[in-house]
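Shown next: target.txt, containing compact mmCIF, C-alpha atoms.
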# COMPACT_ATOMS: atom_id res chain seq x y z
CA MET A 258 -20.49 -104.47 21.92
CA THR A 259 -19.05 -103.23 18.62
CA ALA A 260 -21.84 -100.66 18.41
CA VAL A 261 -21.32 -99.73 22.07
CA LEU A 262 -17.59 -99.18 21.63
CA LEU A 263 -18.12 -97.22 18.42
CA CYS A 264 -20.65 -94.90 20.05
CA TRP A 265 -18.50 -94.57 23.17
CA GLY A 266 -15.47 -93.58 21.06
CA ALA A 267 -17.49 -91.02 19.09
CA ALA A 268 -18.94 -89.55 22.28
CA LEU A 269 -15.49 -89.43 23.83
CA TRP A 270 -14.25 -87.42 20.87
CA LEU A 271 -17.32 -85.19 21.08
CA GLU A 272 -16.67 -84.61 24.77
CA GLY A 273 -13.20 -83.26 24.07
CA ALA A 274 -14.17 -81.29 20.97
CA ALA A 275 -17.16 -79.54 22.55
CA GLY A 276 -15.77 -79.28 26.10
CA LEU A 277 -18.49 -81.47 27.62
CA HIS A 278 -18.53 -83.52 30.81
CA THR A 279 -17.52 -87.17 31.23
CA ASP A 280 -21.15 -88.21 31.55
CA VAL A 281 -21.51 -87.82 27.76
CA PRO A 282 -19.74 -91.11 26.88
CA VAL A 283 -21.50 -92.76 29.84
CA LEU A 284 -24.86 -91.72 28.37
CA ALA A 285 -23.76 -93.04 24.97
CA VAL A 286 -23.07 -96.50 26.42
CA ALA A 287 -26.25 -96.49 28.52
CA LEU A 288 -28.40 -95.79 25.44
CA THR A 289 -26.58 -97.93 22.87
CA LEU A 290 -26.44 -101.12 24.91
CA PRO A 291 -30.23 -101.70 25.25
CA LEU A 292 -31.02 -100.06 21.90
CA SER A 293 -29.05 -102.72 20.02
CA SER A 294 -31.43 -105.49 21.05
CA THR A 295 -34.60 -103.52 20.28
CA GLN A 296 -33.41 -102.60 16.77
CA ARG A 297 -32.01 -105.97 15.71
CA THR A 298 -34.81 -106.86 13.30
CA ALA A 299 -36.59 -103.50 13.14
CA PRO A 300 -37.91 -102.40 9.72
CA ALA A 301 -37.31 -98.91 8.37
CA ARG A 302 -40.55 -97.57 9.83
CA ARG A 303 -39.67 -98.66 13.36
CA ARG A 304 -36.18 -97.20 13.02
CA ALA A 305 -37.60 -93.89 11.89
CA ALA A 306 -39.83 -93.88 14.97
CA ALA A 307 -36.79 -94.61 17.15
CA LEU A 308 -34.93 -91.70 15.58
CA VAL A 309 -37.73 -89.40 16.73
CA LEU A 310 -38.69 -90.90 20.08
CA LEU A 311 -35.26 -91.62 21.55
CA PRO A 312 -33.70 -88.13 21.12
CA ALA A 313 -36.89 -86.43 22.33
CA THR A 314 -37.12 -88.64 25.42
CA ALA A 315 -33.39 -88.33 26.09
CA ALA A 316 -33.65 -84.53 26.04
CA GLY A 317 -36.63 -84.64 28.38
CA ALA A 318 -34.81 -87.03 30.71
CA GLN A 319 -32.04 -84.47 31.21
CA PHE A 320 -34.55 -81.88 32.36
CA LEU A 321 -35.95 -84.53 34.67
CA GLY A 322 -32.48 -85.31 36.04
CA ARG A 323 -31.91 -81.68 36.96
CA LEU A 324 -35.37 -81.51 38.50
CA ILE A 325 -34.56 -84.50 40.72
CA MET A 326 -31.34 -82.80 41.82
CA HIS A 327 -33.08 -79.59 42.84
CA ASP A 328 -36.54 -80.81 43.88
CA TYR A 329 -36.34 -84.48 44.74
CA ALA A 330 -40.01 -85.02 45.57
CA LEU A 331 -41.35 -83.39 42.41
CA GLY A 332 -38.72 -85.03 40.23
CA ALA A 333 -39.48 -88.45 41.72
CA ALA A 334 -43.20 -87.94 41.05
CA VAL A 335 -42.58 -86.98 37.41
CA PHE A 336 -40.19 -89.92 36.92
CA THR A 337 -42.71 -92.36 38.42
CA LEU A 338 -45.53 -91.05 36.24
CA GLY A 339 -43.42 -91.09 33.08
CA ILE A 340 -42.03 -94.60 33.40
CA SER A 341 -45.45 -95.96 34.37
CA LEU A 342 -47.08 -94.40 31.32
CA CYS A 343 -44.49 -96.15 29.14
CA VAL A 344 -45.87 -99.44 30.47
CA TRP A 345 -49.55 -98.42 30.44
CA ILE A 346 -49.54 -97.61 26.70
CA ARG A 347 -48.88 -101.29 25.93
CA ARG A 348 -52.66 -101.65 25.93
CA TYR A 349 -52.70 -100.07 22.47
CA GLY A 350 -50.87 -102.89 20.73
CA PRO A 351 -47.39 -103.97 19.58
CA ALA A 352 -46.46 -100.61 18.06
CA ALA A 353 -47.28 -98.79 21.30
CA SER A 354 -45.39 -101.44 23.29
CA ARG A 355 -42.26 -100.91 21.19
CA ALA A 356 -42.60 -97.13 21.53
CA GLY A 357 -42.94 -97.49 25.28
CA THR A 358 -39.82 -99.64 25.43
CA LEU A 359 -37.83 -97.02 23.52
CA MET A 360 -39.09 -94.25 25.74
CA THR A 361 -37.97 -96.06 28.91
CA LEU A 362 -34.33 -96.24 27.77
CA PRO A 363 -33.49 -92.61 28.73
CA PHE A 364 -35.25 -93.10 32.08
CA VAL A 365 -33.01 -96.08 32.80
CA ALA A 366 -29.97 -94.17 31.52
CA LEU A 367 -30.83 -91.40 33.97
CA LEU A 368 -30.40 -93.91 36.80
CA VAL A 369 -27.06 -95.07 35.37
CA VAL A 370 -25.42 -91.72 34.55
CA PRO A 371 -24.01 -90.74 37.95
CA GLY A 372 -25.39 -87.21 38.28
CA PRO A 373 -26.14 -87.52 42.02
CA ALA A 374 -22.71 -89.10 42.54
CA LEU A 375 -20.90 -86.04 41.19
CA PRO A 376 -19.79 -83.11 43.36
CA THR A 377 -22.10 -80.09 43.43
CA ALA A 378 -19.60 -77.97 41.51
CA ALA A 379 -19.78 -80.40 38.58
CA GLU A 380 -23.55 -80.27 38.19
CA SER A 381 -23.38 -77.25 35.91
CA GLY A 382 -21.23 -79.23 33.50
CA LEU A 383 -23.70 -82.06 33.06
CA VAL A 384 -24.80 -82.79 29.53
CA SER A 385 -27.56 -80.47 28.30
CA TRP A 386 -30.83 -81.49 26.68
CA PHE A 387 -29.40 -80.65 23.24
CA TRP A 388 -26.33 -82.84 23.63
CA SER A 389 -28.44 -85.61 25.10
CA ALA A 390 -30.53 -85.62 21.94
CA VAL A 391 -27.36 -85.62 19.83
CA ILE A 392 -26.01 -88.62 21.75
CA ALA A 393 -29.32 -90.44 21.18
CA VAL A 394 -29.06 -89.83 17.43
CA LEU A 395 -25.45 -90.99 17.55
CA ALA A 396 -26.51 -94.18 19.36
CA CYS A 397 -29.10 -94.94 16.66
CA ALA A 398 -26.57 -94.33 13.90
CA CYS A 399 -23.92 -96.58 15.46
CA VAL A 400 -26.37 -99.41 16.09
CA TRP A 401 -27.79 -99.32 12.56
CA LEU A 402 -24.34 -99.04 10.98
CA VAL A 403 -22.86 -101.99 12.83
CA GLN A 404 -25.92 -104.19 12.43
CA GLY A 405 -26.23 -103.32 8.74
CA LEU A 406 -22.59 -104.16 8.04
CA ALA A 407 -22.80 -107.36 10.08
CA ASP A 408 -25.92 -108.52 8.26
CA ARG A 409 -24.42 -107.71 4.89
CA TYR A 410 -20.94 -109.15 5.34
CA GLY A 411 -21.27 -111.48 8.32
CA PRO A 412 -22.02 -115.22 8.20
CA TRP A 413 -25.43 -114.78 9.87
CA ARG A 414 -28.76 -113.28 8.92
CA PRO A 415 -31.31 -111.74 11.28
CA GLU A 416 -34.48 -113.79 11.76
CA PRO A 417 -37.62 -111.70 12.21
CA GLU A 418 -39.54 -112.35 15.39
CA PRO A 419 -42.55 -114.57 14.63
CA ALA A 420 -45.88 -112.83 15.00
CA ALA A 421 -48.21 -114.41 17.52
CA PRO A 422 -51.98 -114.04 17.59
CA ARG A 423 -53.23 -111.63 20.21
CA ARG A 424 -55.92 -112.78 22.61
CA ALA A 425 -57.87 -110.45 24.81
CA SER A 426 -57.16 -110.94 28.49
CA ARG A 427 -60.02 -111.62 30.88
CA LEU A 428 -58.40 -109.53 33.58
CA HIS A 429 -59.98 -106.23 34.58
CA PRO A 430 -58.23 -103.83 34.76
CA ARG A 431 -56.12 -104.91 31.81
CA PRO A 432 -52.68 -106.43 32.41
CA SER A 433 -50.95 -103.30 31.09
CA THR A 434 -52.88 -101.16 33.59
CA ARG A 435 -52.06 -103.56 36.42
CA MET A 436 -48.38 -103.58 35.52
CA ALA A 437 -48.32 -99.78 35.31
CA VAL A 438 -49.94 -99.44 38.75
CA GLN A 439 -47.56 -102.00 40.25
CA LEU A 440 -44.53 -100.27 38.75
CA ALA A 441 -45.71 -96.83 39.88
CA ALA A 442 -46.25 -98.00 43.45
CA ALA A 443 -42.91 -99.83 43.65
CA VAL A 444 -40.93 -96.98 42.03
CA ALA A 445 -42.54 -94.37 44.28
CA ALA A 446 -41.74 -96.46 47.34
CA ALA A 447 -38.16 -96.96 46.10
CA PHE A 448 -37.70 -93.21 45.69
CA LEU A 449 -39.02 -92.56 49.20
CA CYS A 450 -37.23 -95.35 51.03
CA GLY A 451 -34.09 -94.99 48.93
CA ARG A 452 -33.71 -91.33 49.85
CA LEU A 453 -34.44 -91.90 53.52
CA LEU A 454 -32.17 -94.92 53.90
CA PHE A 455 -29.40 -94.45 51.31
CA ASP A 456 -29.26 -90.70 50.60
CA ASP A 457 -27.68 -90.09 47.16
CA HIS A 458 -27.47 -93.82 46.43
CA TRP A 459 -31.24 -94.13 45.88
CA PRO A 460 -30.81 -94.96 42.12
CA TRP A 461 -29.82 -98.54 43.02
CA ALA A 462 -33.21 -99.23 44.58
CA VAL A 463 -35.18 -97.55 41.78
CA LEU A 464 -33.18 -99.31 39.06
CA THR A 465 -33.76 -102.69 40.70
CA VAL A 466 -37.51 -102.07 40.83
CA TYR A 467 -37.63 -101.31 37.12
CA VAL A 468 -35.46 -104.29 36.19
CA ALA A 469 -37.60 -106.72 38.19
CA ALA A 470 -41.05 -105.30 37.48
CA GLY A 471 -40.74 -103.42 34.17
CA GLY A 472 -41.35 -106.53 32.05
CA ASN A 473 -43.78 -108.20 34.41
CA ARG A 474 -45.04 -111.57 33.09
CA GLY A 475 -46.63 -112.64 36.33
CA ARG A 476 -45.86 -112.95 40.01
CA GLY A 477 -43.44 -115.83 39.53
CA ASP A 478 -41.51 -113.89 36.87
CA VAL A 479 -41.04 -110.87 39.14
CA LEU A 480 -40.00 -113.10 42.04
CA ARG A 481 -37.42 -114.86 39.87
CA LYS A 482 -36.03 -111.60 38.49
CA GLY A 483 -35.87 -110.05 41.94
CA VAL A 484 -33.94 -112.99 43.36
CA GLU A 485 -31.63 -113.20 40.33
CA ARG A 486 -31.07 -109.45 40.43
CA PHE A 487 -29.99 -109.59 44.07
CA ALA A 488 -27.83 -112.69 43.59
CA GLY A 489 -26.16 -111.26 40.50
CA ALA A 490 -25.68 -107.87 42.13
CA THR A 491 -24.02 -109.51 45.13
CA VAL A 492 -21.53 -111.31 42.90
CA GLY A 493 -21.01 -108.22 40.76
CA THR A 494 -20.36 -105.97 43.73
CA LEU A 495 -17.85 -108.44 45.13
CA LEU A 496 -16.10 -108.59 41.74
CA ALA A 497 -15.93 -104.80 41.54
CA THR A 498 -14.58 -104.67 45.09
CA GLY A 499 -11.90 -107.19 44.12
CA VAL A 500 -10.94 -105.13 41.07
CA ALA A 501 -10.65 -102.02 43.22
CA ALA A 502 -8.61 -103.91 45.83
CA ALA A 503 -6.24 -105.04 43.08
CA GLY A 504 -5.47 -101.40 42.34
CA ILE A 505 -7.10 -101.28 38.91
CA THR A 506 -8.25 -97.70 38.47
CA GLY A 507 -8.59 -95.01 35.82
CA ARG A 508 -8.51 -96.09 32.18
CA ALA A 509 -7.67 -99.66 33.12
CA SER A 510 -10.94 -99.92 35.06
CA VAL A 511 -12.81 -98.64 31.99
CA ALA A 512 -11.27 -101.42 29.89
CA VAL A 513 -12.26 -103.99 32.52
CA MET A 514 -15.78 -102.55 32.55
CA PHE A 515 -16.24 -103.10 28.81
CA ALA A 516 -14.79 -106.60 29.04
CA VAL A 517 -17.24 -107.45 31.83
CA LEU A 518 -20.16 -106.10 29.79
CA ALA A 519 -19.16 -108.23 26.81
CA VAL A 520 -19.04 -111.40 28.91
CA ALA A 521 -22.35 -110.50 30.58
CA LEU A 522 -24.04 -110.05 27.19
CA TRP A 523 -22.70 -113.42 26.06
CA LEU A 524 -24.01 -115.20 29.17
CA ARG A 525 -27.30 -113.31 29.43
CA PRO A 526 -29.39 -115.92 27.52
CA LEU A 527 -28.53 -118.53 30.16
CA THR A 528 -29.97 -116.62 33.11
CA TYR A 529 -30.58 -113.02 34.07
CA ALA A 530 -28.28 -113.39 37.08
CA TYR A 531 -25.22 -113.23 34.79
CA TRP A 532 -26.43 -109.97 33.29
CA ALA A 533 -27.19 -108.53 36.72
CA ALA A 534 -23.71 -109.46 37.93
CA GLY A 535 -22.07 -107.91 34.88
CA MET A 536 -24.11 -104.71 35.03
CA THR A 537 -23.49 -104.28 38.75
CA THR A 538 -19.77 -104.82 38.27
CA ALA A 539 -19.69 -102.30 35.43
CA LEU A 540 -21.68 -99.69 37.37
CA SER A 541 -19.50 -100.18 40.44
CA LEU A 542 -16.38 -99.66 38.33
CA LEU A 543 -17.97 -96.61 36.73
CA LEU A 544 -18.77 -95.01 40.08
CA GLY A 545 -15.29 -95.95 41.26
CA TYR A 546 -13.95 -94.06 38.27
CA PHE A 547 -15.87 -91.03 39.55
CA GLY A 548 -14.29 -91.38 42.98
CA GLN A 549 -16.62 -93.62 44.97
CA ASP A 550 -15.12 -96.36 47.14
CA ALA A 551 -16.57 -99.74 46.10
CA THR A 552 -15.52 -101.37 49.37
CA ASP A 553 -17.14 -98.80 51.63
CA LEU A 554 -20.34 -98.81 49.57
CA LEU A 555 -20.71 -102.60 49.47
CA PRO A 556 -23.28 -102.85 52.32
CA THR A 557 -25.21 -99.80 51.05
CA ARG A 558 -25.39 -101.08 47.49
CA LEU A 559 -26.56 -104.55 48.45
CA ALA A 560 -29.13 -103.17 50.89
CA ALA A 561 -30.53 -100.81 48.24
CA ILE A 562 -30.77 -103.63 45.69
CA ALA A 563 -32.45 -105.91 48.24
CA LEU A 564 -34.95 -103.14 49.02
CA GLY A 565 -35.77 -102.62 45.34
CA ALA A 566 -36.25 -106.35 44.78
CA ALA A 567 -38.52 -106.65 47.83
CA LEU A 568 -40.65 -103.68 46.74
CA SER A 569 -41.11 -104.99 43.21
CA ILE A 570 -42.04 -108.47 44.46
CA ALA A 571 -44.49 -107.07 47.01
CA ALA A 572 -46.23 -104.90 44.39
CA ALA A 573 -46.45 -107.78 41.89
CA TRP A 574 -47.91 -110.20 44.44
CA TRP A 575 -50.34 -108.05 46.37
CA LEU A 576 -51.26 -105.04 44.21
CA LEU A 577 -53.51 -106.03 41.29
CA PRO A 578 -51.46 -109.17 40.57
CA VAL A 579 -51.05 -110.38 36.99
CA THR A 580 -51.46 -114.14 36.91
CA GLY A 581 -49.32 -116.20 34.60
CA ARG A 582 -52.47 -117.58 32.89
CA ALA A 583 -54.05 -114.24 32.09
CA ASP A 584 -51.15 -111.87 31.55
CA GLY A 585 -50.25 -113.25 28.42
CA ARG A 586 -50.65 -116.44 26.75
CA THR A 587 -49.33 -114.40 23.88
CA VAL A 588 -46.14 -113.58 25.78
CA HIS A 589 -45.52 -117.19 26.73
CA ARG A 590 -46.23 -118.33 23.18
CA GLN A 591 -43.74 -115.80 21.81
CA THR A 592 -41.12 -116.94 24.30
CA ALA A 593 -41.58 -120.58 23.36
CA THR A 594 -41.41 -119.77 19.66
CA ARG A 595 -38.18 -117.80 20.10
CA GLN A 596 -36.60 -120.62 22.07
CA ALA A 597 -37.56 -123.06 19.33
CA GLU A 598 -36.04 -120.81 16.69
CA LYS A 599 -32.79 -120.52 18.66
CA ALA A 600 -32.63 -124.27 19.14
CA ARG A 601 -33.14 -124.80 15.43
Show this structure as structure tokens.
Amino acid sequence: MTAVLLCWGAALWLEGAAGLHTDVPVLAVALTLPLSSTQRTAPARRRAAALVLLPATAAGAQFLGRLIMHDYALGAAVFTLGISLCVWIRRYGPAASRAGTLMTLPFVALLVVPGPALPTAAESGLVSWFWSAVIAVLACACVWLVQGLADRYGPWRPEPEPAAPRRASRLHPRPSTRMAVQLAAAVAAAFLCGRLLFDDHWPWAVLTVYVAAGGNRGRGDVLRKGVERFAGATVGTLLATGVAAAGITGRASVAVMFAVLAVALWLRPLTYAYWAAGMTTALSLLLGYFGQDATDLLPTRLAAIALGAALSIAAAWWLLPVTGRADGRTVHRQTATRQAEKAR
């Protein structure tokens, strides 16, 4: 959260200095928050790769965002293809998997930054591809600075993730191909149904699909994430509605949003539902800051999240399913090793 607040403050200053739109600090938070976890124990080579991949993908994501605004069908197709390729390239090993994870961050940020929620007159003021790349570089710098200072002067030291032996899966097609196909089908369906049923609020359905199915470790994993996502989103939406009913708006709602994110990060290791609740609360407060009524949108938001969860579960269970035994003994072994390290 220190890195997030630092990047947010720098982006806020940049917004005023360069005459940019409010979505600039929102993009800074959306990129810095997930980047912090991926860079925690990254060596210099991986950080150099992040400094190239993240700005390039962030710039491309802005072109994609404008394409979705002006040609929804084509933009949805490009988005679906792009985010699926980020999963498919996992077949080429750990380095490709990490690159794919970095490249998905701007795609997710595109769903968070409320471009479709803004009035038409404000679309021309949305952050450009150049400033998107600058914000991505700024996010990398803030994360590395805070983590470097914390590791040097803090009472803790980062523990590198233990390497686990890779075993070839017996599944054909490969698990990465299956996961990419599942994600593509679920995301495409979320774009279609989301637009037909929820109009400009389609991002909630698409975001839920990615959250539940993007890190697919088997049918049971997707089912658990889908249920936890919906349960957490329900609680989060109710919390945001309560904050709005209490009359907390403007800058005060921004402060509450960061406080909620901090608590959600703290509780995230216990269960994903806490993170889902915190993220939904924060996003609801953010859209409320841009003028949306959290109370009126409560049924729409929950319905869109339920749709996204159902689509991701259906794709994981009935479209080239990845069984828990074959999708990754490696993944399960890594998870068990990390839990043991934390317990120690």
Item to complete: Find the spatial neighbours of Thr506 of chain A, counting only C-alpha atoms, within a cut-off of 9 Å - ignore same-chain residues fewer than 3 positions away - and output them as a ChimeraX atom specification.
Response: /A:500-501,503,509-511,542,545-546
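Nearest residue to Leu311 of chain A, choosing from A:Pro432, A:Gly276, A:Gly357, A:Gly477 and counting all atoms listed in the file: A:Gly357.
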Worksheet entry | d(atom CA of Thr537 of chain A, atom CA of Thr494 of chain A) in Å | 6.1 Å
Worksheet item: Interatomic distance between atom CA of Cys264 of chain A and atom CA of Leu543 of chain A?
Response: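 Result for atom CA of Cys264 of chain A versus atom CA of Leu543 of chain A: 17.0 Å, one decimal.
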Item to complete: Could you give me, as a list of chain:residue names, the residues within 10 Å of Leu284 of chain A, counting all atoms listed in the file and dropping anything in the same chain fewer than 5 positions from it?
Response: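 Answer for this query is A:Cys264, A:Trp265, A:Ala268, A:Thr279, A:Thr289, A:Ala315, A:Pro363, A:Ala366, A:Leu367, A:Val369, A:Val370, A:Pro371, A:Val384, A:Ser389, A:Ile392, A:Ala393, A:Ala396.
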Worksheet item: Looking at all atoms listed in the file, which of A:Thr498, A:Thr295, A:Thr314, A:Thr465 is the one that sits closest to Leu368 of chain A?
Response: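 Once distances to Leu368 of chain A are computed over all atoms listed in the file, the minimum belongs to A:Thr465.
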Worksheet item: Do you know which residues are at most 12 Å from Val261 of chain A counting only C-alpha atoms, after dropping those on the same chain fewer than 4 positions away, and could you put them as a PyMOL selection string?
Response: chain A and resi 265-269+282-294+395-404+515-516+518-519+522
Practice prompt. Rank nothing, just name the residue among A:Pro578, A:Gly493, A:Gly548, A:Gly471 nearest to Leu342 of chain A, using all atoms listed in the file.
Written response: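 Checking each of A:Pro578, A:Gly493, A:Gly548, A:Gly471 against Leu342 of chain A, counting all atoms listed in the file, the winner is A:Gly471.
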Item to complete: Step by step: start from the point (-30.0, -112.7, 35.8) in the file's coordinates, keep every protein, DNA or RNA residue that has an atom no farther than 12 Å from it, count all atoms listed in the file, and write the set as a VMD selection string.
Response: chain A and resid 465 468 to 469 478 to 493 521 to 522 524 to 537
Worksheet item: Looking at A:Ala274, A:Met258, A:Leu454, A:Ala447, which one is nearest to Ala334 of chain A, with distances taken over only C-alpha atoms?
Response: A:Ala447
Worksheet item: Between atom CA of Tyr410 of chain A and atom CA of Ala260 of chain A, what is the spacing in Å?
Response: 15.6 Å
Discussion item. With all atoms listed in the file as the counted atoms, please give the residues lying no more than 8 Å from segment 444-446 of chain A, apart from itself and same-chain residues fewer than 2 positions off, as a PyMOL selection string.
Written reply: chain A and resi 333-334+337+440-442+448-451+463+466-467+568
Could you write out as AutoDock Vina command-line options the box around segment 331-342 of chain A (axis-aligned, all atoms listed in the file, 5 Å on each side), with centre and edge lengths in Å to one decimal?
--center_x -42.9 --center_y -89.7 --center_z 36.9 --size_x 18.4 --size_y 22.6 --size_z 21.1
Discussion item. Calculated over only C-alpha atoms, which of the candidates A:Ile340, A:Ala573, A:Ile346, A:Leu271 has the smallest distance to Gln439 of chain A?
Written reply: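 Result for the nearest residue to Gln439 of chain A: A:Ala573.
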Worksheet entry | Shell around Phe455 of chain A at 12 Å using only C-alpha atoms, local window under 5 positions removed, as a PyMOL selection string | chain A and resi 447-450+460-463+554+556-562+564-565
Practice prompt. Place a sphere of radius 10 Å on (-31.9, -82.8, 31.4) in the file coordinates and name every protein, DNA or RNA residue with an atom inside or on its surface, counting only C-alpha atoms; give the answer as a list of chain:residue names.
Written response: A:Thr314, A:Ala315, A:Ala316, A:Gly317, A:Ala318, A:Gln319, A:Phe320, A:Leu321, A:Gly322, A:Arg323, A:Leu324, A:Ile325, A:Leu367, A:Leu383, A:Val384, A:Ser385, A:Trp386, A:Phe387, A:Trp388, A:Ser389, A:Ala390
